[in-house]
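Contents: one structure, followed by commentary.
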Amino acid sequence: MKNLKDVTLFNFTGVYESEDFYKDIDNPRFIECRNIDGTDCFCDDEGENSIRSLIVHNNVPLNGIHFIDNGNYHYMSYIFTSYIKEDFHLIYLDNHPDMKESMFGDILSCGSWVKKVLDNNTCVRKVIAVGVDQKLFDEISKEDSKKVTLVSEKHIYNGTKACSDISCNGDMADMILQELSDDLPVYISIDKDVLNKDQLMTNWDQGIMDTDTLLHIIQKILSSKRVLGIDVCGEVSLDTECDYDVQIMKNNSFNRKLLELMAF
């Protein structure tokens, strides 16, 4: 866990100016991104190049925790994992598969980034989707779904078929670790839309997980595996129909708990 004691915030919408979970940490990187065009949901080549330049200019390490604003910017996970130069496993917690074909050629998007990792990253060995809606997962092409292991609340799906030899009593963290029997490191990507909206609200449709389960999963992986890096998206946005101040408070509290897992 010591190698993750580095915090970077990518402020695409200004939401982090309303949160303070990071303000007691020594030297968090706060990267202003609101002036970058071509980044909302879809990230064009110019936008991606600008983001990569900011990462280099600010000396953002892979080995840290990256807060990447709301779910529209989940494609940042593709950018981060592209810097990994050793074999690794990708674990992502999300209500969505994020494996759609891009609507505009090969352009990077929040809905296609996992597919682009699978298609382009030669170092990734396993991709584990945690909490993804089964109906949405079933909409993925069979060719792509065979490349991903889905861990749901009760089952592990390999190639969209439920395994019958689960012996971990429904503990999702144990299900994940059961799939990771080797010593390869992992990269973790968290989209808070995997959570039930009663826990906190995001700007996308949401899953059924509770925050305690999500935090338990992260804690268990951190204690069992070498984690290369973590990114977190799913902040509330101004266009979400909710009590914005209440949701800022809930998101802020959750982000603080994530940092506490890493002994900040």
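Identifiers in the structure tokens: chain A, B, ... in order shown; residue index from 1 per chain; ligand index from 1 in order shown.
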
Problem set entry | Residue neighbourhood Leu214 in chain A, 9 Å, only C-alpha atoms, exclusion window fewer than 3 positions, as number ranges by chain | A: 93, 173, 194-195, 209-211, 217-219

Exercise. Within 8 Å of range 129-142 of chain A, counting only C-alpha atoms, which residues qualify if same-chain residues fewer than 2 places away don't, as number ranges by chain?
Worked result: A: 91-97, 99-100, 127, 144-146, 148-153, 159-160, 194, 207-209

Selection from above, N, CA and C atoms, as a PDB file, in the first residue's frame, can you write it?
ATOM      1  N   ILE A  91      -8.899  -4.818 -12.881  1.00  0.00           N
ATOM      2  CA  ILE A  91     -10.147  -5.013 -12.138  1.00  0.00           C
ATOM      3  C   ILE A  91     -10.915  -3.707 -12.201  1.00  0.00           C
ATOM      4  N   TYR A  92     -12.129  -3.745 -12.715  1.00  0.00           N
ATOM      5  CA  TYR A  92     -12.913  -2.514 -12.709  1.00  0.00           C
ATOM      6  C   TYR A  92     -14.290  -2.762 -12.109  1.00  0.00           C
ATOM      7  N   LEU A  93     -14.709  -1.838 -11.259  1.00  0.00           N
ATOM      8  CA  LEU A  93     -16.008  -1.884 -10.590  1.00  0.00           C
ATOM      9  C   LEU A  93     -16.896  -0.844 -11.242  1.00  0.00           C
ATOM     10  N   ASP A  94     -18.032  -1.283 -11.803  1.00  0.00           N
ATOM     11  CA  ASP A  94     -18.818  -0.394 -12.645  1.00  0.00           C
ATOM     12  C   ASP A  94     -20.196  -1.011 -12.836  1.00  0.00           C
ATOM     13  N   ASN A  95     -21.194  -0.193 -13.053  1.00  0.00           N
ATOM     14  CA  ASN A  95     -22.506  -0.720 -13.414  1.00  0.00           C
ATOM     15  C   ASN A  95     -22.592  -1.051 -14.893  1.00  0.00           C
ATOM     16  N   HIS A  96     -21.635  -0.555 -15.677  1.00  0.00           N
ATOM     17  CA  HIS A  96     -21.646  -0.718 -17.129  1.00  0.00           C
ATOM     18  C   HIS A  96     -20.427  -1.501 -17.603  1.00  0.00           C
ATOM     19  N   PRO A  97     -20.559  -2.261 -18.682  1.00  0.00           N
ATOM     20  CA  PRO A  97     -19.409  -3.018 -19.197  1.00  0.00           C
ATOM     21  C   PRO A  97     -18.320  -2.133 -19.786  1.00  0.00           C
ATOM     22  N   MET A  99     -17.704  -1.547 -22.858  1.00  0.00           N
ATOM     23  CA  MET A  99     -17.098  -2.306 -23.945  1.00  0.00           C
ATOM     24  C   MET A  99     -17.848  -2.109 -25.261  1.00  0.00           C
ATOM     25  N   LYS A 100     -18.435  -0.935 -25.428  1.00  0.00           N
ATOM     26  CA  LYS A 100     -19.141  -0.640 -26.664  1.00  0.00           C
ATOM     27  C   LYS A 100     -18.163  -0.306 -27.787  1.00  0.00           C
ATOM     28  N   VAL A 127      -9.118  -9.414 -17.418  1.00  0.00           N
ATOM     29  CA  VAL A 127      -9.966  -8.274 -17.107  1.00  0.00           C
ATOM     30  C   VAL A 127     -11.146  -8.799 -16.305  1.00  0.00           C
ATOM     31  N   ASP A 144     -16.196 -10.539 -27.404  1.00  0.00           N
ATOM     32  CA  ASP A 144     -15.628  -9.669 -26.377  1.00  0.00           C
ATOM     33  C   ASP A 144     -15.920 -10.174 -24.972  1.00  0.00           C
ATOM     34  N   SER A 145     -17.129 -10.690 -24.742  1.00  0.00           N
ATOM     35  CA  SER A 145     -17.487 -11.121 -23.391  1.00  0.00           C
ATOM     36  C   SER A 145     -16.624 -12.292 -22.920  1.00  0.00           C
ATOM     37  N   LYS A 146     -16.116 -13.098 -23.853  1.00  0.00           N
ATOM     38  CA  LYS A 146     -15.248 -14.211 -23.474  1.00  0.00           C
ATOM     39  C   LYS A 146     -13.910 -13.735 -22.911  1.00  0.00           C
ATOM     40  N   VAL A 148     -13.628 -11.313 -20.750  1.00  0.00           N
ATOM     41  CA  VAL A 148     -13.864 -10.649 -19.467  1.00  0.00           C
ATOM     42  C   VAL A 148     -14.534 -11.624 -18.507  1.00  0.00           C
ATOM     43  N   THR A 149     -14.107 -11.586 -17.262  1.00  0.00           N
ATOM     44  CA  THR A 149     -14.760 -12.354 -16.205  1.00  0.00           C
ATOM     45  C   THR A 149     -15.635 -11.403 -15.408  1.00  0.00           C
ATOM     46  N   LEU A 150     -16.924 -11.718 -15.314  1.00  0.00           N
ATOM     47  CA  LEU A 150     -17.858 -10.892 -14.564  1.00  0.00           C
ATOM     48  C   LEU A 150     -18.062 -11.483 -13.178  1.00  0.00           C
ATOM     49  N   VAL A 151     -17.832 -10.682 -12.161  1.00  0.00           N
ATOM     50  CA  VAL A 151     -18.119 -11.072 -10.788  1.00  0.00           C
ATOM     51  C   VAL A 151     -19.350 -10.296 -10.342  1.00  0.00           C
ATOM     52  N   SER A 152     -20.442 -11.013 -10.133  1.00  0.00           N
ATOM     53  CA  SER A 152     -21.683 -10.372  -9.708  1.00  0.00           C
ATOM     54  C   SER A 152     -21.865 -10.602  -8.208  1.00  0.00           C
ATOM     55  N   GLU A 153     -23.021 -10.221  -7.700  1.00  0.00           N
ATOM     56  CA  GLU A 153     -23.282 -10.386  -6.268  1.00  0.00           C
ATOM     57  C   GLU A 153     -23.267 -11.854  -5.845  1.00  0.00           C
ATOM     58  N   GLY A 159     -17.050 -16.099 -19.852  1.00  0.00           N
ATOM     59  CA  GLY A 159     -17.670 -16.283 -21.158  1.00  0.00           C
ATOM     60  C   GLY A 159     -19.172 -16.272 -21.078  1.00  0.00           C
ATOM     61  N   THR A 160     -19.735 -15.487 -20.151  1.00  0.00           N
ATOM     62  CA  THR A 160     -21.164 -15.288 -19.873  1.00  0.00           C
ATOM     63  C   THR A 160     -21.832 -16.513 -19.246  1.00  0.00           C
ATOM     64  N   VAL A 194     -21.434   1.950  -9.754  1.00  0.00           N
ATOM     65  CA  VAL A 194     -21.673   0.568  -9.344  1.00  0.00           C
ATOM     66  C   VAL A 194     -22.503   0.521  -8.062  1.00  0.00           C
ATOM     67  N   GLY A 207     -25.962   0.788 -10.054  1.00  0.00           N
ATOM     68  CA  GLY A 207     -26.100  -0.605  -9.689  1.00  0.00           C
ATOM     69  C   GLY A 207     -26.707  -0.805  -8.321  1.00  0.00           C
ATOM     70  N   ILE A 208     -26.316  -1.906  -7.660  1.00  0.00           N
ATOM     71  CA  ILE A 208     -26.964  -2.280  -6.396  1.00  0.00           C
ATOM     72  C   ILE A 208     -25.971  -2.461  -5.247  1.00  0.00           C
ATOM     73  N   MET A 209     -24.695  -2.231  -5.484  1.00  0.00           N
ATOM     74  CA  MET A 209     -23.692  -2.449  -4.453  1.00  0.00           C
ATOM     75  C   MET A 209     -23.790  -1.379  -3.368  1.00  0.00           C
TER      76      MET A 209
END

Exercise. In range 104-189 of chain A, what's strand (DSSP E) per DSSP? Answer as a PyMOL selection string?
Worked result: chain A and resi 108-109+124-130+148-151+156-158+161-162+186-189

Problem set entry | Shell around range 62-71 of chain A at 6 Å using only C-alpha atoms, local window under 4 positions removed, as a ChimeraX atom specification | /A:4-10,228-235

Problem set entry | Of the listed residues A:Glu260, A:Asp174, A:Asp243, A:Asp191, that which approaches Asp98 in chain A most closely, counting only C-alpha atoms |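 Among the listed residues, A:Asp191 lies closest to Asp98 in chain A.
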
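Counting from CA of Met201 in chain A, the distance to CA of Cys242 in chain A is 7.8 Å.
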
Seminar exercise, completed: One residue among A:Asp45, A:Asp212, A:Asp205, A:Glu86 is nearest to Thr240 in chain A when using only C-alpha atoms, and that residue is A:Asp205

Problem set entry | In range 131-245 of chain A, DSSP helix (DSSP H, G or I) residues written as a PyMOL selection string | chain A and resi 134-138+142-145+172-179+192-194+211-224+244-245
